[in-house]
There are 2 protein chains.
Amino acid sequence: MSAPTLSVASWNINSVRLRMPQVARFLTENAPDVLCLQEIKCQEHLFPRQAFIDLGYEHIALTGQKGYHGVATVSRIPLREYARHDWQDNGEARHVGVELLGPGEGVILENVYIPAGGDLPDREKNPKFGQKLDFLERMTRWSEGIERPTLLVGDFNIAPLDCDVYDHKALLKVVSHTPIEVETLGRLQAAHDWVDLGRKHIPAPERNYTWWSYRTYWQGKDRGRRLDHMWASPDLAANSTGHKIAEHTREWEKPSDHVPIISEFAL
Amino acid sequence: MSAPTLSVASWNINSVRLRMPQVARFLTENAPDVLCLQEIKCQEHLFPRQAFIDLGYEHIALTGQKGYHGVATVSRIPLREYARHDWQDNGEARHVGVELLGPGEGVILENVYIPAGGDLPDREKNPKFGQKLDFLERMTRWSEGIERPTLLVGDFNIAPLDCDVYDHKALLKVVSHTPIEVETLGRLQAAHDWVDLGRKHIPAPERNYTWWSYRTYWQGKDRGRRLDHMWASPDLAANSTGHKIAEHTREWEKPSDHVPIISEFAL
DNA sequence: GTGATTTAAG
DNA sequence: CTTAAATCAC
C-alpha cells in the first residue's frame, strides 16, 4: 500500500459554466484532491455547484462576481473557508483561502487571481498596471505574517524567469514579463521564502508554459508563457513530490487559454 | 416519365450563417428548385454563397444588411434579379424579386419579409405597428399593377384566418392577428386576387402553423401561428399542385422559430 | 480570439 | 427564448 498523498490542481478556466464539461473530464482523468479555479466568470449563485458535487467535489469555497474574475476551490476532502482577501482593494473577487480539514489537515490553500494589468506597462498611462503592482505589494505585506504551512496557487499573470516565456527579450516590455513585475513578484516570494514548485520539479530552463494566447495559438509557434504557479511555504514544500502541467487540455475543443497545473504532496 | 414541375420553398431561417447546416439538410432532403429565405441576418458579402453553390443552388439573388432582416432567393434554375422594393421606405433589406429563366420561365418570384410590427397594436404608441400597416399598403399599390404570373412568398408576420392561430380570441389583440392587420392584408390580397396556396391545398380550418415562439415552444402546447405564406397570381395558382409544411424542422437541434413551406407547380 | 453583458429585435 | 452587435476585459 502507498503512503497518503495530497494532490492539488489549479486552472484558470475562463468561464466555469461554459467549460464545465472540460472540468469534469479533467477531474475524471486526473482525480486531484482539490482543484482551484480562476476566472470562473459567474456570480456565486450561478456556480455549477451540483455538477461538482456529482463529481465528488462536494466541498466548495468560492467568491464570484458578474462577468469577470472570480475564483473557486472545490475539494474531495473537507475544508473550511478561511479568508477572502481584497488585495485589489476594490471589491473584486480574486481570492479565496481555505483550510484543509481531512488529509492534509492544517494546510492553508490560497487561491488567487492576480490582475492581468492591462496593456501598457506604465503606472501613469495605465492605472491597471499600477493596481497589479499594488496588489502584489499587499500580498507581500500579507506574506510576512504567515505562520502556517501554506500553498499559494493561481493565475499570477507574471512569468518570472527568462525561460518562462518563449522569447525573453521580445517580452521585456510586455505586461506579464516586465522587469518591474518580475522584481515586485520577487519581493513577494522573498517575504515568505515561498518555494516555486513549478521550478522545483521542472528546473529552469526547461520549458514550463501554462498559457498560450487565443490570438496567436493557432499559428502553432508555441508562444507560451508560465503565468500559473504554485508556491509553497518552505515546510510544506519539503513534502512536495511532484508537479505537472496538463498541457494537452489546450488542444481540447473550445479550450481555456490556460492549462491546469498539478502538485502532489506526501503527508 | 413525369410531367415537368417547379417546386418553391420559403423559410424564415433566423440567421442563415448560424443555420447553414440545417438549410443544407433541408435542401438535401426536399430538393426544391428554389428556396426563399428570410431573416438571413447578414450583409451580402457574408452570405454563405459557396455553401449554396456546393449544394447545387448556384443562382442567387439577395439583399442583406448587418444584423437584422435580409432575404435571399437561391435556385437550381437560372434566374434574373428583377427588383428590390423598399416597401418599408427606410432602406431595410426586406424584399428581392427574381424572374425564373429555366423551367418556370417567365414566372416572377417575390420574396418578402414583412415587418413584425412591434408589441403594441397601436400606431401612436408603437411606430413599428404603423410601419407594418404602411408596408402592406405599399404592397397593395404595387399589387394593383402586376401583369405577369407572380408568386409572392415569405414571412408575412400575419396569421389571417381564425384557424391560423392556436387561439383566435386570445390573439385578437396580439400583433400578427389583430383585425386591422387582417383587414389590411385582405386588401393586399384583393388587389391582385392573390390565391393563398396554403389554404388552397390545406383548407381551413385545418391546422396549418408555420411558426412557434421560442418563448413558449418548450411548453409543448402547440401554440403555433401561420405567419408564412405563398400567394400566387390566379393564372399561376391554377397550376399549383400541392403545398406542404416541413414542420419537423422545428424539432431539429437549435431550430429557427419558423418552418419551411413548399409549393409545387405543374409546368 | 474568446467570453460575458447589454441592447435591440423577434 | 434566441440572435446579432457593440462594449469591455483579458
# chains A, B, ... in the order shown; residues from 1 in each chain; ligands from 1
call {"tool": "residues_around", "arguments": {"residues": "Glu247 in chain A", "least_positions_apart": "3", "cutoff": "10 Å", "atoms": "only C-alpha atoms (C1' of nucleotides)", "output": "tab-separated table (two decimals) with all heavy atoms, in the first residue's frame"}}
result
chain	number	residue	atom	x	y	z
A	208	ASN	N	8.11	25.22	-19.59
A	208	ASN	CA	7.17	25.05	-18.48
A	208	ASN	C	5.96	25.98	-18.63
A	208	ASN	O	5.48	26.55	-17.67
A	208	ASN	CB	7.93	25.38	-17.18
A	208	ASN	CG	7.25	24.84	-15.95
A	208	ASN	OD1	6.12	24.36	-16.03
A	208	ASN	ND2	7.90	24.94	-14.81
A	209	TYR	N	5.43	26.13	-19.86
A	209	TYR	CA	4.36	27.09	-20.12
A	209	TYR	C	3.01	26.59	-19.60
A	209	TYR	O	2.74	25.40	-19.57
A	209	TYR	CB	4.22	27.38	-21.61
A	209	TYR	CG	5.50	27.81	-22.29
A	209	TYR	CD1	5.77	27.42	-23.60
A	209	TYR	CD2	6.43	28.61	-21.63
A	209	TYR	CE1	6.93	27.82	-24.25
A	209	TYR	CE2	7.61	29.00	-22.27
A	209	TYR	CZ	7.85	28.60	-23.58
A	209	TYR	OH	9.01	28.98	-24.20
A	210	THR	N	2.20	27.58	-19.19
A	210	THR	CA	0.84	27.23	-18.73
A	210	THR	C	-0.23	28.03	-19.49
A	210	THR	O	-1.41	27.86	-19.25
A	210	THR	CB	0.67	27.54	-17.24
A	210	THR	OG1	0.75	28.96	-17.04
A	210	THR	CG2	1.73	26.84	-16.40
A	211	TRP	N	0.19	28.92	-20.36
A	211	TRP	CA	-0.77	29.80	-21.05
A	211	TRP	C	-0.29	30.12	-22.46
A	211	TRP	O	0.90	30.36	-22.68
A	211	TRP	CB	-0.94	31.10	-20.26
A	211	TRP	CG	-1.83	32.12	-20.90
A	211	TRP	CD1	-3.19	32.21	-20.78
A	211	TRP	CD2	-1.44	33.21	-21.74
A	211	TRP	NE1	-3.66	33.29	-21.51
A	211	TRP	CE2	-2.60	33.91	-22.10
A	211	TRP	CE3	-0.20	33.65	-22.23
A	211	TRP	CZ2	-2.58	35.05	-22.93
A	211	TRP	CZ3	-0.18	34.77	-23.06
A	211	TRP	CH2	-1.36	35.46	-23.38
A	244	LYS	N	3.13	18.72	-12.31
A	244	LYS	CA	2.99	18.54	-13.75
A	244	LYS	C	2.03	19.55	-14.35
A	244	LYS	O	1.25	20.20	-13.64
A	244	LYS	CB	2.56	17.11	-14.08
A	244	LYS	CG	1.20	16.73	-13.55
A	244	LYS	CD	0.92	15.23	-13.83
A	244	LYS	CE	-0.40	14.83	-13.18
A	244	LYS	NZ	-0.68	13.40	-13.29
A	250	ARG	N	-5.04	22.15	-23.72
A	250	ARG	CA	-5.06	23.32	-24.62
A	250	ARG	C	-5.51	22.93	-26.02
A	250	ARG	O	-5.92	23.78	-26.82
A	250	ARG	CB	-3.68	23.98	-24.65
A	250	ARG	CG	-3.64	25.35	-25.31
A	250	ARG	CD	-4.48	26.35	-24.58
A	250	ARG	NE	-4.41	27.72	-25.12
A	250	ARG	CZ	-5.08	28.12	-26.18
A	250	ARG	NH1	-5.86	27.27	-26.84
A	250	ARG	NH2	-4.98	29.38	-26.59
A	251	GLU	N	-5.47	21.62	-26.29
A	251	GLU	CA	-5.89	21.11	-27.62
A	251	GLU	C	-7.35	20.67	-27.60
A	251	GLU	O	-7.86	20.26	-28.64
A	251	GLU	CB	-5.00	19.92	-28.05
A	251	GLU	CG	-3.53	20.24	-28.17
A	251	GLU	CD	-3.19	20.89	-29.50
A	251	GLU	OE1	-4.12	21.13	-30.30
A	251	GLU	OE2	-2.00	21.17	-29.72
A	252	TRP	N	-7.95	20.68	-26.45
A	252	TRP	CA	-9.35	20.26	-26.40
A	252	TRP	C	-10.22	21.24	-27.17
A	252	TRP	O	-9.80	22.36	-27.48
A	252	TRP	CB	-9.82	20.17	-24.94
A	252	TRP	CG	-9.27	18.99	-24.21
A	252	TRP	CD1	-8.47	18.01	-24.72
A	252	TRP	CD2	-9.46	18.68	-22.82
A	252	TRP	NE1	-8.16	17.09	-23.73
A	252	TRP	CE2	-8.76	17.48	-22.57
A	252	TRP	CE3	-10.16	19.27	-21.78
A	252	TRP	CZ2	-8.74	16.88	-21.30
A	252	TRP	CZ3	-10.14	18.68	-20.52
A	252	TRP	CH2	-9.44	17.49	-20.29
A	258	HIS	N	-5.60	28.94	-20.59
A	258	HIS	CA	-4.67	28.39	-19.59
A	258	HIS	C	-4.84	26.87	-19.49
A	258	HIS	O	-5.92	26.35	-19.79
A	258	HIS	CB	-4.97	28.98	-18.20
A	258	HIS	CG	-4.71	30.44	-18.08
A	258	HIS	ND1	-3.64	30.96	-17.38
A	258	HIS	CD2	-5.39	31.51	-18.56
A	258	HIS	CE1	-3.68	32.29	-17.42
A	258	HIS	NE2	-4.73	32.65	-18.13
A	259	VAL	N	-3.80	26.20	-19.02
A	259	VAL	CA	-3.93	24.75	-18.77
A	259	VAL	C	-3.74	24.49	-17.27
A	259	VAL	O	-3.17	25.31	-16.55
A	259	VAL	CB	-2.90	23.95	-19.59
A	259	VAL	CG1	-3.11	24.18	-21.09
A	259	VAL	CG2	-1.47	24.27	-19.18
A	260	PRO	N	-4.22	23.36	-16.80
A	260	PRO	CA	-4.10	23.07	-15.37
A	260	PRO	C	-2.66	22.72	-14.98
A	260	PRO	O	-1.90	22.17	-15.78
A	260	PRO	CB	-5.00	21.83	-15.18
A	260	PRO	CG	-5.82	21.71	-16.42
A	260	PRO	CD	-5.01	22.33	-17.51
A	261	ILE	N	-2.34	23.06	-13.75
A	261	ILE	CA	-1.10	22.59	-13.15
A	261	ILE	C	-1.47	21.77	-11.91
A	261	ILE	O	-2.49	22.03	-11.28
A	261	ILE	CB	-0.14	23.74	-12.79
A	261	ILE	CG1	-0.82	24.75	-11.85
A	261	ILE	CG2	0.33	24.44	-14.05
A	261	ILE	CD1	0.07	25.91	-11.45
call {"tool": "select_by_dssp", "arguments": {"residues": "range 11-52 of chain B", "states": "alpha helix (DSSP H)", "output": "ChimeraX atom specification"}}
result
/B:20-30,49-52
call {"tool": "write_last_selection", "arguments": {"atoms": "all heavy atoms", "output": "compact mmCIF listing (two decimals), in the first residue's frame"}}
result
# COMPACT_ATOMS: atom_id res chain seq x y z
N MET B 20 -26.75 27.27 -41.48
CA MET B 20 -26.44 26.71 -42.80
C MET B 20 -26.50 25.18 -42.81
O MET B 20 -27.00 24.58 -43.77
CB MET B 20 -25.07 27.21 -43.27
CG MET B 20 -24.82 26.98 -44.75
SD MET B 20 -26.06 27.78 -45.82
CE MET B 20 -26.31 26.47 -47.04
N PRO B 21 -26.04 24.50 -41.75
CA PRO B 21 -26.14 23.03 -41.76
C PRO B 21 -27.59 22.55 -41.88
O PRO B 21 -27.87 21.56 -42.55
CB PRO B 21 -25.54 22.63 -40.41
CG PRO B 21 -24.64 23.76 -40.03
CD PRO B 21 -25.32 25.00 -40.56
N GLN B 22 -28.50 23.27 -41.24
CA GLN B 22 -29.90 22.87 -41.30
C GLN B 22 -30.49 23.17 -42.67
O GLN B 22 -31.31 22.40 -43.19
CB GLN B 22 -30.68 23.58 -40.21
CG GLN B 22 -30.14 23.25 -38.83
CD GLN B 22 -30.99 23.85 -37.72
OE1 GLN B 22 -32.20 23.94 -37.83
NE2 GLN B 22 -30.33 24.28 -36.66
N VAL B 23 -30.05 24.29 -43.24
CA VAL B 23 -30.51 24.60 -44.60
C VAL B 23 -30.04 23.51 -45.56
O VAL B 23 -30.81 23.03 -46.40
CB VAL B 23 -29.99 25.98 -45.04
CG1 VAL B 23 -30.34 26.24 -46.49
CG2 VAL B 23 -30.55 27.08 -44.15
N ALA B 24 -28.79 23.11 -45.40
CA ALA B 24 -28.25 22.06 -46.28
C ALA B 24 -29.04 20.77 -46.13
O ALA B 24 -29.37 20.10 -47.11
CB ALA B 24 -26.77 21.82 -45.93
N ARG B 25 -29.36 20.45 -44.89
CA ARG B 25 -30.14 19.23 -44.67
C ARG B 25 -31.52 19.34 -45.32
O ARG B 25 -31.99 18.40 -45.96
CB ARG B 25 -30.29 18.99 -43.16
CG ARG B 25 -31.12 17.77 -42.84
CD ARG B 25 -31.14 17.45 -41.36
NE ARG B 25 -32.11 16.44 -41.06
CZ ARG B 25 -32.47 16.08 -39.83
NH1 ARG B 25 -31.90 16.67 -38.79
NH2 ARG B 25 -33.39 15.15 -39.63
N PHE B 26 -32.14 20.49 -45.16
CA PHE B 26 -33.47 20.68 -45.77
C PHE B 26 -33.40 20.57 -47.29
O PHE B 26 -34.23 19.90 -47.91
CB PHE B 26 -34.03 22.05 -45.37
CG PHE B 26 -35.28 22.40 -46.11
CD1 PHE B 26 -36.49 21.80 -45.79
CD2 PHE B 26 -35.25 23.33 -47.15
CE1 PHE B 26 -37.65 22.11 -46.48
CE2 PHE B 26 -36.41 23.65 -47.85
CZ PHE B 26 -37.61 23.04 -47.53
N LEU B 27 -32.40 21.20 -47.88
CA LEU B 27 -32.29 21.15 -49.34
C LEU B 27 -32.00 19.73 -49.82
O LEU B 27 -32.53 19.28 -50.84
CB LEU B 27 -31.20 22.11 -49.82
CG LEU B 27 -31.52 23.61 -49.67
CD1 LEU B 27 -30.34 24.46 -50.06
CD2 LEU B 27 -32.76 23.98 -50.50
N THR B 28 -31.17 19.04 -49.09
CA THR B 28 -30.83 17.67 -49.48
C THR B 28 -32.04 16.76 -49.38
O THR B 28 -32.29 15.93 -50.26
CB THR B 28 -29.70 17.15 -48.56
OG1 THR B 28 -28.59 18.03 -48.67
CG2 THR B 28 -29.28 15.75 -48.97
N GLU B 29 -32.81 16.95 -48.32
CA GLU B 29 -33.95 16.04 -48.11
C GLU B 29 -35.17 16.41 -48.95
O GLU B 29 -36.02 15.56 -49.21
CB GLU B 29 -34.32 16.05 -46.62
CG GLU B 29 -33.26 15.39 -45.74
CD GLU B 29 -33.58 15.42 -44.25
OE1 GLU B 29 -34.65 15.96 -43.88
OE2 GLU B 29 -32.76 14.93 -43.46
N ASN B 30 -35.28 17.68 -49.36
CA ASN B 30 -36.50 18.11 -50.04
C ASN B 30 -36.29 18.56 -51.49
O ASN B 30 -37.24 18.60 -52.25
CB ASN B 30 -37.17 19.24 -49.26
CG ASN B 30 -37.66 18.78 -47.90
OD1 ASN B 30 -38.77 18.28 -47.77
ND2 ASN B 30 -36.81 18.89 -46.88
N ARG B 49 -22.48 31.95 -49.75
CA ARG B 49 -22.74 31.71 -51.16
C ARG B 49 -22.19 30.35 -51.62
O ARG B 49 -22.88 29.57 -52.28
CB ARG B 49 -22.10 32.85 -51.96
CG ARG B 49 -22.47 32.96 -53.40
CD ARG B 49 -21.82 34.21 -54.01
NE ARG B 49 -22.47 35.45 -53.59
CZ ARG B 49 -23.52 35.98 -54.26
NH1 ARG B 49 -23.99 35.38 -55.34
NH2 ARG B 49 -24.06 37.09 -53.82
N GLN B 50 -20.96 30.09 -51.22
CA GLN B 50 -20.32 28.86 -51.72
C GLN B 50 -21.06 27.61 -51.23
O GLN B 50 -21.18 26.63 -51.96
CB GLN B 50 -18.85 28.81 -51.29
CG GLN B 50 -18.06 27.71 -51.97
CD GLN B 50 -18.08 27.84 -53.49
OE1 GLN B 50 -17.83 28.90 -54.05
NE2 GLN B 50 -18.42 26.73 -54.18
N ALA B 51 -21.54 27.66 -50.02
CA ALA B 51 -22.25 26.51 -49.48
C ALA B 51 -23.47 26.19 -50.33
O ALA B 51 -23.79 25.02 -50.59
CB ALA B 51 -22.67 26.77 -48.03
N PHE B 52 -24.16 27.23 -50.80
CA PHE B 52 -25.33 27.01 -51.65
C PHE B 52 -24.91 26.49 -53.03
O PHE B 52 -25.53 25.58 -53.58
CB PHE B 52 -26.15 28.29 -51.77
CG PHE B 52 -26.99 28.56 -50.56
CD1 PHE B 52 -26.56 29.47 -49.59
CD2 PHE B 52 -28.19 27.90 -50.36
CE1 PHE B 52 -27.33 29.70 -48.47
CE2 PHE B 52 -28.96 28.13 -49.23
CZ PHE B 52 -28.53 29.03 -48.27
call {"tool": "residues_around", "arguments": {"residues": "Leu37 in chain A", "least_positions_apart": "3", "cutoff": "6 Å", "atoms": "only C-alpha atoms (C1' of nucleotides)", "output": "NGL selection string"}}
result
:A and (10-12 or 71-72)
call {"tool": "interface_residues", "arguments": {"of": "chain D", "to": "chain B", "cutoff": "7 Å", "atoms": "only C-alpha atoms (C1' of nucleotides)", "output": "number ranges by chain"}}
result
D: 1-2, 4-5
call {"tool": "atom_distance", "arguments": {"atom1": "CA of Glu181 in chain A", "atom2": "CA of Ala116 in chain A"}}
result
11.0 Å
call {"tool": "residues_around", "arguments": {"residues": "Val112 in chain A", "least_positions_apart": "2", "cutoff": "8 Å", "atoms": "only C-alpha atoms (C1' of nucleotides)", "output": "MDAnalysis selection string"}}
result
chainID A and resid 38 71 94:96 110 114 152:156
call {"tool": "write_last_selection", "arguments": {"atoms": "N, CA and C atoms", "output": "CSV table (one decimal), in the first residue's frame"}}
result
chain,number,residue,atom,x,y,z
A,38,GLN,N,-9.7,29.7,-11.4
A,38,GLN,CA,-9.7,31.2,-11.5
A,38,GLN,C,-10.5,31.6,-12.8
A,71,VAL,N,-13.0,33.3,-8.2
A,71,VAL,CA,-12.2,32.1,-8.0
A,71,VAL,C,-13.0,31.1,-7.2
A,94,ARG,N,-11.1,38.0,-6.3
A,94,ARG,CA,-9.9,37.5,-6.8
A,94,ARG,C,-9.1,36.6,-5.8
A,95,HIS,N,-9.7,36.3,-4.7
A,95,HIS,CA,-9.1,35.4,-3.8
A,95,HIS,C,-10.0,34.6,-2.9
A,96,VAL,N,-9.7,33.4,-2.6
A,96,VAL,CA,-10.4,32.6,-1.6
A,96,VAL,C,-9.4,31.7,-0.9
A,110,GLU,N,-4.4,28.9,-0.6
A,110,GLU,CA,-4.8,30.3,-1.0
A,110,GLU,C,-4.9,30.2,-2.5
A,114,ILE,N,-4.4,37.0,-9.7
A,114,ILE,CA,-3.7,38.3,-9.8
A,114,ILE,C,-4.1,39.1,-11.0
A,152,LEU,N,0.1,28.6,-2.0
A,152,LEU,CA,-0.4,29.7,-2.7
A,152,LEU,C,-0.5,29.4,-4.2
A,153,VAL,N,-1.7,29.3,-4.7
A,153,VAL,CA,-1.8,28.9,-6.1
A,153,VAL,C,-2.7,29.8,-6.9
A,154,GLY,N,-2.5,29.8,-8.2
A,154,GLY,CA,-3.4,30.5,-9.1
A,154,GLY,C,-2.7,31.1,-10.3
A,155,ASP,N,-3.5,32.0,-10.9
A,155,ASP,CA,-3.0,32.7,-12.1
A,155,ASP,C,-2.3,33.9,-11.6
A,156,PHE,N,-1.0,34.0,-11.6
A,156,PHE,CA,-0.3,35.1,-11.1
A,156,PHE,C,-0.1,36.2,-12.2
call {"tool": "residues_around", "arguments": {"residues": "Glu144 in chain A", "least_positions_apart": "4", "cutoff": "7 Å", "atoms": "only C-alpha atoms (C1' of nucleotides)", "output": "ChimeraX atom specification"}}
result
/A:140,191-192
call {"tool": "atom_distance", "arguments": {"atom1": "CA of Gly97 in chain B", "atom2": "CA of Ile60 in chain B"}}
result
11.1 Å
call {"tool": "select_by_dssp", "arguments": {"residues": "range 4-228 of chain A", "states": "strand (DSSP E)", "output": "PyMOL selection string"}}
result
chain A and resi 5-12+34-38+59-63+71-75+79-83+95-100+108-113+150-155+195-196+211-212+224-225+228
call {"tool": "decode", "arguments": {"residues": "range 114-135 of chain A", "atoms": "N, CA and C atoms", "output": "mmCIF file, in the first residue's frame"}}
result
data_model
loop_
_atom_site.group_PDB
_atom_site.id
_atom_site.type_symbol
_atom_site.label_atom_id
_atom_site.label_comp_id
_atom_site.auth_asym_id
_atom_site.auth_seq_id
_atom_site.Cartn_x
_atom_site.Cartn_y
_atom_site.Cartn_z
ATOM 1 N N ILE A 114 -4.359 37.032 -9.743
ATOM 2 C CA ILE A 114 -3.672 38.321 -9.753
ATOM 3 C C ILE A 114 -4.057 39.083 -11.021
ATOM 4 N N PRO A 115 -4.288 40.394 -10.930
ATOM 5 C CA PRO A 115 -4.746 41.148 -12.100
ATOM 6 C C PRO A 115 -3.807 41.002 -13.291
ATOM 7 N N ALA A 116 -4.389 41.029 -14.478
ATOM 8 C CA ALA A 116 -3.583 40.953 -15.695
ATOM 9 C C ALA A 116 -2.743 42.210 -15.850
ATOM 10 N N GLY A 117 -3.340 43.363 -15.548
ATOM 11 C CA GLY A 117 -2.537 44.579 -15.537
ATOM 12 C C GLY A 117 -2.608 45.442 -16.780
ATOM 13 N N GLY A 118 -3.528 45.138 -17.682
ATOM 14 C CA GLY A 118 -3.679 45.989 -18.857
ATOM 15 C C GLY A 118 -2.544 45.832 -19.850
ATOM 16 N N ASP A 119 -2.539 46.707 -20.855
ATOM 17 C CA ASP A 119 -1.595 46.529 -21.956
ATOM 18 C C ASP A 119 -0.283 47.294 -21.772
ATOM 19 N N LEU A 120 -0.381 48.510 -21.257
ATOM 20 C CA LEU A 120 0.821 49.345 -21.155
ATOM 21 C C LEU A 120 1.497 49.168 -19.804
ATOM 22 N N PRO A 121 2.785 48.866 -19.791
ATOM 23 C CA PRO A 121 3.493 48.688 -18.504
ATOM 24 C C PRO A 121 3.895 50.031 -17.919
ATOM 25 N N ASP A 122 2.891 50.835 -17.613
ATOM 26 C CA ASP A 122 3.160 52.203 -17.170
ATOM 27 C C ASP A 122 2.074 52.628 -16.200
ATOM 28 N N ARG A 123 2.460 52.838 -14.959
ATOM 29 C CA ARG A 123 1.526 53.252 -13.911
ATOM 30 C C ARG A 123 0.728 54.494 -14.282
ATOM 31 N N GLU A 124 1.388 55.435 -14.926
ATOM 32 C CA GLU A 124 0.731 56.712 -15.212
ATOM 33 C C GLU A 124 -0.317 56.553 -16.309
ATOM 34 N N LYS A 125 0.102 55.947 -17.394
ATOM 35 C CA LYS A 125 -0.798 55.865 -18.551
ATOM 36 C C LYS A 125 -1.819 54.742 -18.408
ATOM 37 N N ASN A 126 -1.518 53.785 -17.535
ATOM 38 C CA ASN A 126 -2.383 52.607 -17.422
ATOM 39 C C ASN A 126 -2.578 52.246 -15.963
ATOM 40 N N PRO A 127 -3.630 52.747 -15.355
ATOM 41 C CA PRO A 127 -3.872 52.515 -13.919
ATOM 42 C C PRO A 127 -3.907 51.033 -13.568
ATOM 43 N N LYS A 128 -4.325 50.196 -14.497
ATOM 44 C CA LYS A 128 -4.401 48.775 -14.188
ATOM 45 C C LYS A 128 -3.037 48.175 -13.887
ATOM 46 N N PHE A 129 -2.024 48.737 -14.520
ATOM 47 C CA PHE A 129 -0.681 48.232 -14.256
ATOM 48 C C PHE A 129 -0.274 48.562 -12.824
ATOM 49 N N GLY A 130 -0.607 49.791 -12.407
ATOM 50 C CA GLY A 130 -0.341 50.169 -11.025
ATOM 51 C C GLY A 130 -1.098 49.304 -10.042
ATOM 52 N N GLN A 131 -2.356 49.023 -10.377
ATOM 53 C CA GLN A 131 -3.148 48.166 -9.486
ATOM 54 C C GLN A 131 -2.510 46.790 -9.329
ATOM 55 N N LYS A 132 -1.958 46.282 -10.411
ATOM 56 C CA LYS A 132 -1.315 44.966 -10.351
ATOM 57 C C LYS A 132 -0.123 44.993 -9.405
ATOM 58 N N LEU A 133 0.682 46.036 -9.528
ATOM 59 C CA LEU A 133 1.856 46.136 -8.657
ATOM 60 C C LEU A 133 1.426 46.341 -7.202
ATOM 61 N N ASP A 134 0.389 47.154 -7.001
ATOM 62 C CA ASP A 134 -0.118 47.378 -5.637
ATOM 63 C C ASP A 134 -0.672 46.081 -5.047
ATOM 64 N N PHE A 135 -1.329 45.322 -5.886
ATOM 65 C CA PHE A 135 -1.867 44.024 -5.458
ATOM 66 C C PHE A 135 -0.738 43.150 -4.928
#
